[in-house]
>>> print(open('upload-v6.pdb').read())   # PDB, C-alpha atoms
ATOM      1  CA  ILE A   1     107.278-174.516 108.144
ATOM      2  CA  ASP A   2     104.206-174.989 110.300
ATOM      3  CA  THR A   3     104.060-175.400 114.063
ATOM      4  CA  LEU A   4     101.374-176.893 116.211
ATOM      5  CA  SER A   5     101.165-176.436 119.966
ATOM      6  CA  ASP A   6      97.654-177.765 120.643
ATOM      7  CA  PRO A   7      97.787-181.585 120.599
ATOM      8  CA  THR A   8      94.015-181.834 120.152
ATOM      9  CA  LEU A   9      94.429-180.461 116.608
ATOM     10  CA  VAL A  10      97.021-183.000 115.419
ATOM     11  CA  GLU A  11      94.745-185.231 113.343
ATOM     12  CA  GLY A  12      93.096-182.311 111.515
ATOM     13  CA  TRP A  13      96.485-180.716 110.872
ATOM     14  CA  LEU A  14      97.830-183.959 109.380
ATOM     15  CA  LYS A  15      94.898-184.064 106.944
ATOM     16  CA  GLY A  16      95.971-180.710 105.472
ATOM     17  CA  GLN A  17      98.857-180.127 103.107
ATOM     18  CA  GLN A  18     101.535-182.750 102.533
ATOM     19  CA  TYR A  19     104.790-182.475 104.480
ATOM     20  CA  GLN A  20     108.232-183.868 103.720
ATOM     21  CA  MET A  21     109.335-183.883 107.343
ATOM     22  CA  ILE A  22     107.570-183.970 110.694
ATOM     23  CA  ILE A  23     109.481-183.279 113.904
ATOM     24  CA  MET A  24     107.512-184.264 116.986
ATOM     25  CA  ASP A  25     107.909-184.858 120.684
ATOM     26  CA  TYR A  26     107.338-188.430 121.794
ATOM     27  CA  LEU A  27     105.046-187.430 124.663
ATOM     28  CA  LEU A  28     102.043-185.381 123.589
ATOM     29  CA  PRO A  29      99.611-184.442 126.390
ATOM     30  CA  GLY A  30      96.272-186.179 125.987
ATOM     31  CA  LEU A  31      97.358-188.283 123.002
ATOM     32  CA  SER A  32      98.778-191.745 122.508
ATOM     33  CA  THR A  33     102.003-191.655 120.515
ATOM     34  CA  GLU A  34     100.945-194.828 118.690
ATOM     35  CA  GLN A  35      97.726-193.068 117.614
ATOM     36  CA  VAL A  36      99.715-190.127 116.265
ATOM     37  CA  PHE A  37     101.968-192.532 114.341
ATOM     38  CA  GLU A  38      98.843-194.133 112.854
ATOM     39  CA  TRP A  39      97.493-190.729 111.770
ATOM     40  CA  ILE A  40     100.845-189.919 110.178
ATOM     41  CA  ARG A  41     100.821-193.238 108.286
ATOM     42  CA  ASP A  42      97.254-192.563 107.107
ATOM     43  CA  HIS A  43      97.588-188.881 106.147
ATOM     44  CA  GLN A  44     101.335-188.239 105.596
ATOM     45  CA  PRO A  45     102.749-191.542 104.294
ATOM     46  CA  ASP A  46     105.699-189.911 102.496
ATOM     47  CA  ALA A  47     106.823-187.718 105.405
ATOM     48  CA  SER A  48     110.034-188.482 107.271
ATOM     49  CA  VAL A  49     109.331-188.413 111.001
ATOM     50  CA  ILE A  50     111.912-187.348 113.572
ATOM     51  CA  VAL A  51     110.966-187.990 117.179
ATOM     52  CA  VAL A  52     112.482-185.996 120.038
ATOM     53  CA  THR A  53     112.156-187.009 123.684
ATOM     54  CA  ALA A  54     113.402-185.916 127.085
ATOM     55  CA  PHE A  55     112.428-189.288 128.541
ATOM     56  CA  PRO A  56     114.224-191.915 126.426
ATOM     57  CA  SER A  57     113.457-195.563 127.046
ATOM     58  CA  VAL A  58     113.835-198.852 125.256
ATOM     59  CA  ASP A  59     110.040-199.041 124.859
ATOM     60  CA  SER A  60     109.775-195.621 123.207
ATOM     61  CA  ALA A  61     112.745-196.360 120.937
ATOM     62  CA  LEU A  62     111.164-199.666 119.870
ATOM     63  CA  SER A  63     107.834-197.941 119.276
ATOM     64  CA  CYS A  64     109.582-195.475 116.975
ATOM     65  CA  LEU A  65     111.370-198.268 115.132
ATOM     66  CA  ARG A  66     108.057-200.077 114.599
ATOM     67  CA  ALA A  67     106.548-196.840 113.264
ATOM     68  CA  ARG A  68     109.527-196.546 110.880
ATOM     69  CA  THR A  69     110.523-193.108 112.063
ATOM     70  CA  TYR A  70     113.537-191.557 110.398
ATOM     71  CA  ASP A  71     115.331-190.714 113.647
ATOM     72  CA  TYR A  72     114.942-190.757 117.425
ATOM     73  CA  LEU A  73     116.723-187.954 119.297
ATOM     74  CA  THR A  74     117.081-187.456 123.029
ATOM     75  CA  LYS A  75     117.057-184.073 124.761
ATOM     76  CA  PRO A  76     119.150-182.156 125.515
ATOM     77  CA  PHE A  77     120.823-182.224 122.108
TER      78      PHE A  77
END
>>> encode(input="upload-v6.pdb", output="structure tokens")
Amino acid sequence: IDTLSDPTLVEGWLKGQQYQMIIMDYLLPGLSTEQVFEWIRDHQPDASVIVVTAFPSVDSALSCLRARTYDYLTKPF
């Protein structure tokens, strides 16, 4: 299990070892969620992605569906 709290390091982190599952927040300060999804597709194509958000919306749910995420969870659980 690895954790990452600095969103500026996401792309470099995704280029490292291969992961089976990635759990991420939908809103990452300073980053576009669509860009993160693109990096995941490029560097972690086999990973299942679970997105968690405290601000659910139809737009964010559709974005996750388009990115073929495994699940979309709203906070609080």
>>> residues_around(input="upload-v6.pdb", residues="segment 50-62 of chain A", least_positions_apart="5", cutoff="8 Å", atoms="all atoms listed in the file", output="MDAnalysis selection string")
chainID A and resid 21:27 69:76
>>> atom_distance(input="upload-v6.pdb", atom1="atom CA of Leu31 of chain A", atom2="atom CA of Ile1 of chain A")
22.6 Å
>>> closest_residue(input="upload-v6.pdb", among="A:Val49, A:Leu14, A:Leu65, A:Leu4", to="Leu28 of chain A", atoms="only C-alpha atoms")
A:Leu4
>>> resolve_selection(input="upload-v6.pdb", expression="the PyMOL selection byres ((chain A and resi 67) around 9)", output="list in words")
Glu34, Phe37, Glu38, Arg41, Leu62, Ser63, Cys64, Leu65, Arg66, Arg68 and Thr69 of chain A
>>> write_last_selection(input="upload-v6.pdb", atoms="C-alpha atoms", output="mmCIF file, keeping the file's coordinate frame")
data_model
loop_
_atom_site.group_PDB
_atom_site.id
_atom_site.type_symbol
_atom_site.label_atom_id
_atom_site.label_comp_id
_atom_site.auth_asym_id
_atom_site.auth_seq_id
_atom_site.Cartn_x
_atom_site.Cartn_y
_atom_site.Cartn_z
ATOM 1 C CA GLU A 34 100.945 -194.828 118.690
ATOM 2 C CA PHE A 37 101.968 -192.532 114.341
ATOM 3 C CA GLU A 38 98.843 -194.133 112.854
ATOM 4 C CA ARG A 41 100.821 -193.238 108.286
ATOM 5 C CA LEU A 62 111.164 -199.666 119.870
ATOM 6 C CA SER A 63 107.834 -197.941 119.276
ATOM 7 C CA CYS A 64 109.582 -195.475 116.975
ATOM 8 C CA LEU A 65 111.370 -198.268 115.132
ATOM 9 C CA ARG A 66 108.057 -200.077 114.599
ATOM 10 C CA ARG A 68 109.527 -196.546 110.880
ATOM 11 C CA THR A 69 110.523 -193.108 112.063
#
>>> residues_near_point(input="upload-v6.pdb", point="(99.3, -180.3, 103.7)", cutoff="12 Å", atoms="only C-alpha atoms", output="list in words")
Ile1, Asp2, Glu11, Gly12, Trp13, Leu14, Lys15, Gly16, Gln17, Gln18, Tyr19, Gln20, Met21, Ile22, Ile40, His43, Gln44, Pro45, Asp46 and Ala47 of chain A
>>> decode(input="upload-v6.pdb", residues="segment 8-55 of chain A", atoms="N, CA and C atoms", output="PDB file, in the first residue's frame")
ATOM      1  N   THR A   8       1.059  17.276  -6.642  1.00  0.00           N
ATOM      2  CA  THR A   8       2.005  17.615  -7.704  1.00  0.00           C
ATOM      3  C   THR A   8       2.879  16.425  -8.092  1.00  0.00           C
ATOM      4  N   LEU A   9       2.870  15.368  -7.279  1.00  0.00           N
ATOM      5  CA  LEU A   9       3.701  14.192  -7.548  1.00  0.00           C
ATOM      6  C   LEU A   9       2.938  13.044  -8.199  1.00  0.00           C
ATOM      7  N   VAL A  10       1.669  13.264  -8.530  1.00  0.00           N
ATOM      8  CA  VAL A  10       0.817  12.169  -9.020  1.00  0.00           C
ATOM      9  C   VAL A  10       1.376  11.516 -10.277  1.00  0.00           C
ATOM     10  N   GLU A  11       1.722  12.299 -11.288  1.00  0.00           N
ATOM     11  CA  GLU A  11       2.169  11.699 -12.543  1.00  0.00           C
ATOM     12  C   GLU A  11       3.428  10.857 -12.346  1.00  0.00           C
ATOM     13  N   GLY A  12       4.409  11.366 -11.615  1.00  0.00           N
ATOM     14  CA  GLY A  12       5.632  10.605 -11.362  1.00  0.00           C
ATOM     15  C   GLY A  12       5.358   9.337 -10.582  1.00  0.00           C
ATOM     16  N   TRP A  13       4.461   9.406  -9.627  1.00  0.00           N
ATOM     17  CA  TRP A  13       4.087   8.239  -8.820  1.00  0.00           C
ATOM     18  C   TRP A  13       3.438   7.170  -9.690  1.00  0.00           C
ATOM     19  N   LEU A  14       2.590   7.593 -10.636  1.00  0.00           N
ATOM     20  CA  LEU A  14       1.907   6.631 -11.505  1.00  0.00           C
ATOM     21  C   LEU A  14       2.866   5.929 -12.463  1.00  0.00           C
ATOM     22  N   LYS A  15       4.014   6.547 -12.730  1.00  0.00           N
ATOM     23  CA  LYS A  15       5.006   5.944 -13.619  1.00  0.00           C
ATOM     24  C   LYS A  15       5.824   4.869 -12.918  1.00  0.00           C
ATOM     25  N   GLY A  16       5.696   4.766 -11.602  1.00  0.00           N
ATOM     26  CA  GLY A  16       6.466   3.795 -10.823  1.00  0.00           C
ATOM     27  C   GLY A  16       5.917   2.392 -10.972  1.00  0.00           C
ATOM     28  N   GLN A  17       5.865   1.673  -9.886  1.00  0.00           N
ATOM     29  CA  GLN A  17       5.413   0.283  -9.920  1.00  0.00           C
ATOM     30  C   GLN A  17       3.956   0.184 -10.349  1.00  0.00           C
ATOM     31  N   GLN A  18       3.562  -0.999 -10.784  1.00  0.00           N
ATOM     32  CA  GLN A  18       2.192  -1.238 -11.223  1.00  0.00           C
ATOM     33  C   GLN A  18       1.289  -1.521 -10.022  1.00  0.00           C
ATOM     34  N   TYR A  19       0.080  -0.971 -10.069  1.00  0.00           N
ATOM     35  CA  TYR A  19      -0.886  -1.150  -8.993  1.00  0.00           C
ATOM     36  C   TYR A  19      -2.114  -1.871  -9.516  1.00  0.00           C
ATOM     37  N   GLN A  20      -2.739  -2.655  -8.643  1.00  0.00           N
ATOM     38  CA  GLN A  20      -3.986  -3.331  -8.998  1.00  0.00           C
ATOM     39  C   GLN A  20      -5.187  -2.447  -8.728  1.00  0.00           C
ATOM     40  N   MET A  21      -5.068  -1.575  -7.717  1.00  0.00           N
ATOM     41  CA  MET A  21      -6.172  -0.715  -7.349  1.00  0.00           C
ATOM     42  C   MET A  21      -5.655   0.671  -6.970  1.00  0.00           C
ATOM     43  N   ILE A  22      -6.394   1.679  -7.397  1.00  0.00           N
ATOM     44  CA  ILE A  22      -6.086   3.060  -7.040  1.00  0.00           C
ATOM     45  C   ILE A  22      -7.357   3.657  -6.460  1.00  0.00           C
ATOM     46  N   ILE A  23      -7.258   4.170  -5.232  1.00  0.00           N
ATOM     47  CA  ILE A  23      -8.377   4.852  -4.595  1.00  0.00           C
ATOM     48  C   ILE A  23      -8.007   6.327  -4.541  1.00  0.00           C
ATOM     49  N   MET A  24      -8.837   7.170  -5.133  1.00  0.00           N
ATOM     50  CA  MET A  24      -8.503   8.585  -5.221  1.00  0.00           C
ATOM     51  C   MET A  24      -9.708   9.461  -4.957  1.00  0.00           C
ATOM     52  N   ASP A  25      -9.437  10.668  -4.485  1.00  0.00           N
ATOM     53  CA  ASP A  25     -10.474  11.669  -4.329  1.00  0.00           C
ATOM     54  C   ASP A  25     -10.743  12.271  -5.699  1.00  0.00           C
ATOM     55  N   TYR A  26     -11.973  12.686  -5.930  1.00  0.00           N
ATOM     56  CA  TYR A  26     -12.302  13.282  -7.223  1.00  0.00           C
ATOM     57  C   TYR A  26     -11.655  14.653  -7.382  1.00  0.00           C
ATOM     58  N   LEU A  27     -11.657  15.441  -6.312  1.00  0.00           N
ATOM     59  CA  LEU A  27     -11.066  16.779  -6.372  1.00  0.00           C
ATOM     60  C   LEU A  27      -9.656  16.759  -5.797  1.00  0.00           C
ATOM     61  N   LEU A  28      -8.688  17.031  -6.654  1.00  0.00           N
ATOM     62  CA  LEU A  28      -7.291  17.086  -6.239  1.00  0.00           C
ATOM     63  C   LEU A  28      -6.795  18.515  -6.458  1.00  0.00           C
ATOM     64  N   PRO A  29      -6.375  19.202  -5.395  1.00  0.00           N
ATOM     65  CA  PRO A  29      -5.954  20.598  -5.519  1.00  0.00           C
ATOM     66  C   PRO A  29      -4.870  20.795  -6.578  1.00  0.00           C
ATOM     67  N   GLY A  30      -5.125  21.716  -7.486  1.00  0.00           N
ATOM     68  CA  GLY A  30      -4.139  22.045  -8.508  1.00  0.00           C
ATOM     69  C   GLY A  30      -4.101  21.111  -9.696  1.00  0.00           C
ATOM     70  N   LEU A  31      -4.973  20.101  -9.726  1.00  0.00           N
ATOM     71  CA  LEU A  31      -4.977  19.145 -10.834  1.00  0.00           C
ATOM     72  C   LEU A  31      -6.379  18.993 -11.407  1.00  0.00           C
ATOM     73  N   SER A  32      -6.437  18.721 -12.685  1.00  0.00           N
ATOM     74  CA  SER A  32      -7.694  18.390 -13.342  1.00  0.00           C
ATOM     75  C   SER A  32      -7.916  16.889 -13.193  1.00  0.00           C
ATOM     76  N   THR A  33      -9.098  16.511 -12.759  1.00  0.00           N
ATOM     77  CA  THR A  33      -9.402  15.088 -12.591  1.00  0.00           C
ATOM     78  C   THR A  33      -9.266  14.349 -13.922  1.00  0.00           C
ATOM     79  N   GLU A  34      -9.690  14.973 -15.008  1.00  0.00           N
ATOM     80  CA  GLU A  34      -9.571  14.346 -16.325  1.00  0.00           C
ATOM     81  C   GLU A  34      -8.109  14.073 -16.679  1.00  0.00           C
ATOM     82  N   GLN A  35      -7.213  14.991 -16.282  1.00  0.00           N
ATOM     83  CA  GLN A  35      -5.779  14.785 -16.526  1.00  0.00           C
ATOM     84  C   GLN A  35      -5.268  13.600 -15.720  1.00  0.00           C
ATOM     85  N   VAL A  36      -5.704  13.476 -14.491  1.00  0.00           N
ATOM     86  CA  VAL A  36      -5.285  12.344 -13.659  1.00  0.00           C
ATOM     87  C   VAL A  36      -5.793  11.039 -14.273  1.00  0.00           C
ATOM     88  N   PHE A  37      -7.040  11.028 -14.741  1.00  0.00           N
ATOM     89  CA  PHE A  37      -7.569   9.833 -15.402  1.00  0.00           C
ATOM     90  C   PHE A  37      -6.729   9.468 -16.637  1.00  0.00           C
ATOM     91  N   GLU A  38      -6.297  10.470 -17.374  1.00  0.00           N
ATOM     92  CA  GLU A  38      -5.449  10.220 -18.548  1.00  0.00           C
ATOM     93  C   GLU A  38      -4.118   9.607 -18.135  1.00  0.00           C
ATOM     94  N   TRP A  39      -3.504  10.135 -17.080  1.00  0.00           N
ATOM     95  CA  TRP A  39      -2.237   9.576 -16.585  1.00  0.00           C
ATOM     96  C   TRP A  39      -2.431   8.130 -16.138  1.00  0.00           C
ATOM     97  N   ILE A  40      -3.541   7.859 -15.479  1.00  0.00           N
ATOM     98  CA  ILE A  40      -3.814   6.486 -15.039  1.00  0.00           C
ATOM     99  C   ILE A  40      -3.960   5.574 -16.250  1.00  0.00           C
ATOM    100  N   ARG A  41      -4.688   6.014 -17.264  1.00  0.00           N
ATOM    101  CA  ARG A  41      -4.831   5.201 -18.489  1.00  0.00           C
ATOM    102  C   ARG A  41      -3.473   4.940 -19.132  1.00  0.00           C
ATOM    103  N   ASP A  42      -2.609   5.963 -19.142  1.00  0.00           N
ATOM    104  CA  ASP A  42      -1.299   5.832 -19.788  1.00  0.00           C
ATOM    105  C   ASP A  42      -0.334   4.952 -18.995  1.00  0.00           C
ATOM    106  N   HIS A  43      -0.313   5.097 -17.667  1.00  0.00           N
ATOM    107  CA  HIS A  43       0.714   4.452 -16.850  1.00  0.00           C
ATOM    108  C   HIS A  43       0.232   3.274 -16.009  1.00  0.00           C
ATOM    109  N   GLN A  44      -1.076   3.171 -15.774  1.00  0.00           N
ATOM    110  CA  GLN A  44      -1.636   2.093 -14.936  1.00  0.00           C
ATOM    111  C   GLN A  44      -2.894   1.516 -15.605  1.00  0.00           C
ATOM    112  N   PRO A  45      -2.777   1.044 -16.834  1.00  0.00           N
ATOM    113  CA  PRO A  45      -3.970   0.622 -17.581  1.00  0.00           C
ATOM    114  C   PRO A  45      -4.722  -0.552 -16.950  1.00  0.00           C
ATOM    115  N   ASP A  46      -4.078  -1.371 -16.157  1.00  0.00           N
ATOM    116  CA  ASP A  46      -4.734  -2.538 -15.574  1.00  0.00           C
ATOM    117  C   ASP A  46      -5.296  -2.276 -14.174  1.00  0.00           C
ATOM    118  N   ALA A  47      -5.074  -1.092 -13.644  1.00  0.00           N
ATOM    119  CA  ALA A  47      -5.525  -0.784 -12.284  1.00  0.00           C
ATOM    120  C   ALA A  47      -7.027  -0.498 -12.261  1.00  0.00           C
ATOM    121  N   SER A  48      -7.688  -0.999 -11.238  1.00  0.00           N
ATOM    122  CA  SER A  48      -9.082  -0.636 -10.979  1.00  0.00           C
ATOM    123  C   SER A  48      -9.064   0.662 -10.186  1.00  0.00           C
ATOM    124  N   VAL A  49      -9.864   1.628 -10.611  1.00  0.00           N
ATOM    125  CA  VAL A  49      -9.872   2.938  -9.972  1.00  0.00           C
ATOM    126  C   VAL A  49     -11.191   3.136  -9.236  1.00  0.00           C
ATOM    127  N   ILE A  50     -11.088   3.483  -7.962  1.00  0.00           N
ATOM    128  CA  ILE A  50     -12.249   3.812  -7.144  1.00  0.00           C
ATOM    129  C   ILE A  50     -12.134   5.287  -6.794  1.00  0.00           C
ATOM    130  N   VAL A  51     -13.170   6.035  -7.125  1.00  0.00           N
ATOM    131  CA  VAL A  51     -13.177   7.471  -6.881  1.00  0.00           C
ATOM    132  C   VAL A  51     -14.096   7.768  -5.702  1.00  0.00           C
ATOM    133  N   VAL A  52     -13.604   8.604  -4.797  1.00  0.00           N
ATOM    134  CA  VAL A  52     -14.354   9.013  -3.612  1.00  0.00           C
ATOM    135  C   VAL A  52     -14.539  10.524  -3.693  1.00  0.00           C
ATOM    136  N   THR A  53     -15.737  11.010  -3.359  1.00  0.00           N
ATOM    137  CA  THR A  53     -15.968  12.444  -3.393  1.00  0.00           C
ATOM    138  C   THR A  53     -16.937  12.885  -2.304  1.00  0.00           C
ATOM    139  N   ALA A  54     -16.689  14.072  -1.783  1.00  0.00           N
ATOM    140  CA  ALA A  54     -17.606  14.683  -0.820  1.00  0.00           C
ATOM    141  C   ALA A  54     -18.560  15.629  -1.528  1.00  0.00           C
ATOM    142  N   PHE A  55     -18.330  15.855  -2.811  1.00  0.00           N
ATOM    143  CA  PHE A  55     -19.146  16.770  -3.596  1.00  0.00           C
ATOM    144  C   PHE A  55     -19.704  16.055  -4.829  1.00  0.00           C
TER     145      PHE A  55
END
